[in-house]
Amino acid sequence: MVEAPESHSGWTFVTNHARVLAAIADNPSVRIRDIAARCRLTERAVQRIISDLEQDGYLSHTRDGRTNTYRIQPDKVLRHPAEAGLTVASLLSLLVQDETDRGRYENRPSGLAGVSGRATEAR
């Protein structure tokens, strides 16, 4: 089972829909229970979010016995007009990192001087 992070109160930069999508991108066969733990949501909330994403064509799934395997539509354009032209793949490239990237970004000194994320590295 995925270890849940510390609880948090207040606003955040990332929506629950984006968090669920990122969890699925990390593991297309992930269980709803594990998504809920990772995203700090109830299983029912995760089910509703997955239903929203499937209904709007961002996600589909196939069932093999008791296991769901999800498929993300990476070329689907994000919904909000402010993100016009941005795709699911571009969003996930910011949210999904391999373990070596996570360590590098989490151990960085605080402050802007220490920021050298993918966007700035590509310049």
# chains A, B, ... in the order shown; residues from 1 in each chain; ligands from 1
call {"tool": "residues_around", "arguments": {"residues": "Ile72 of chain A", "least_positions_apart": "2", "cutoff": "7 Å", "atoms": "only C-alpha atoms", "output": "mmCIF file with all heavy atoms, in the first residue's frame"}}
result
data_model
loop_
_atom_site.group_PDB
_atom_site.id
_atom_site.type_symbol
_atom_site.label_atom_id
_atom_site.label_comp_id
_atom_site.auth_asym_id
_atom_site.auth_seq_id
_atom_site.Cartn_x
_atom_site.Cartn_y
_atom_site.Cartn_z
ATOM 1 N N TYR A 58 -10.933 11.820 -20.640
ATOM 2 C CA TYR A 58 -9.533 11.936 -20.244
ATOM 3 C C TYR A 58 -8.940 10.595 -19.834
ATOM 4 O O TYR A 58 -7.725 10.445 -19.784
ATOM 5 C CB TYR A 58 -9.383 12.921 -19.072
ATOM 6 C CG TYR A 58 -9.642 14.338 -19.477
ATOM 7 C CD1 TYR A 58 -10.919 14.884 -19.384
ATOM 8 C CD2 TYR A 58 -8.625 15.129 -19.989
ATOM 9 C CE1 TYR A 58 -11.163 16.187 -19.776
ATOM 10 C CE2 TYR A 58 -8.862 16.431 -20.393
ATOM 11 C CZ TYR A 58 -10.141 16.949 -20.281
ATOM 12 O OH TYR A 58 -10.373 18.243 -20.682
ATOM 13 N N LEU A 59 -9.807 9.647 -19.548
ATOM 14 C CA LEU A 59 -9.394 8.381 -18.972
ATOM 15 C C LEU A 59 -10.367 7.292 -19.420
ATOM 16 O O LEU A 59 -11.544 7.557 -19.619
ATOM 17 C CB LEU A 59 -9.462 8.531 -17.448
ATOM 18 C CG LEU A 59 -8.952 7.442 -16.535
ATOM 19 C CD1 LEU A 59 -7.448 7.282 -16.706
ATOM 20 C CD2 LEU A 59 -9.278 7.798 -15.099
ATOM 21 N N SER A 60 -9.856 6.089 -19.600
ATOM 22 C CA SER A 60 -10.704 4.918 -19.834
ATOM 23 C C SER A 60 -10.101 3.776 -19.035
ATOM 24 O O SER A 60 -8.988 3.879 -18.531
ATOM 25 C CB SER A 60 -10.767 4.574 -21.321
ATOM 26 O OG SER A 60 -9.487 4.265 -21.817
ATOM 27 N N TYR A 70 -6.084 1.401 -16.158
ATOM 28 C CA TYR A 70 -6.515 2.685 -16.700
ATOM 29 C C TYR A 70 -5.634 3.106 -17.861
ATOM 30 O O TYR A 70 -4.460 2.789 -17.919
ATOM 31 C CB TYR A 70 -6.468 3.750 -15.594
ATOM 32 C CG TYR A 70 -7.393 3.432 -14.453
ATOM 33 C CD1 TYR A 70 -6.916 2.804 -13.304
ATOM 34 C CD2 TYR A 70 -8.739 3.738 -14.522
ATOM 35 C CE1 TYR A 70 -7.760 2.503 -12.255
ATOM 36 C CE2 TYR A 70 -9.595 3.431 -13.481
ATOM 37 C CZ TYR A 70 -9.093 2.811 -12.349
ATOM 38 O OH TYR A 70 -9.938 2.511 -11.316
ATOM 39 N N PRO A 74 -3.368 11.152 -23.413
ATOM 40 C CA PRO A 74 -2.368 12.210 -23.216
ATOM 41 C C PRO A 74 -2.553 13.427 -24.121
ATOM 42 O O PRO A 74 -2.119 14.525 -23.764
ATOM 43 C CB PRO A 74 -1.041 11.507 -23.505
ATOM 44 C CG PRO A 74 -1.403 10.355 -24.376
ATOM 45 C CD PRO A 74 -2.783 9.932 -23.958
#
call {"tool": "select_by_dssp", "arguments": {"residues": "segment 29-81 of chain A", "states": "strand (DSSP E or B)", "output": "VMD selection string"}}
result
chain A and resid 59 to 64 67 to 72 77
call {"tool": "residues_around", "arguments": {"residues": "segment 85-87 of chain A", "least_positions_apart": "4", "cutoff": "9 Å", "atoms": "only C-alpha atoms", "output": "VMD selection string"}}
result
chain A and resid 74 to 78 81 91 to 92
call {"tool": "atom_distance", "arguments": {"atom1": "atom CA of Arg38 of chain A", "atom2": "atom CA of Leu95 of chain A"}}
result
13.5 Å
call {"tool": "residues_around", "arguments": {"residues": "Glu43 of chain A", "least_positions_apart": "4", "cutoff": "8 Å", "atoms": "only C-alpha atoms", "output": "MDAnalysis selection string"}}
result
chainID A and resid 32:33 35:36 47
call {"tool": "atom_distance", "arguments": {"atom1": "atom CA of Ser93 of chain A", "atom2": "atom CA of Thr62 of chain A"}}
result
23.9 Å
call {"tool": "closest_residue", "arguments": {"among": "A:Leu41, A:Ala22, A:Val46, A:Leu53", "to": "Ser90 of chain A", "atoms": "only C-alpha atoms"}}
result
A:Ala22
call {"tool": "closest_residue", "arguments": {"among": "A:Gly65, A:Asn27, A:Gly57, A:Cys39", "to": "Arg79 of chain A", "atoms": "only C-alpha atoms"}}
result
A:Gly57
call {"tool": "closest_residue", "arguments": {"among": "A:Arg31, A:Ser9, A:Ala84, A:Asn16", "to": "Thr67 of chain A", "atoms": "only C-alpha atoms"}}
result
A:Arg31
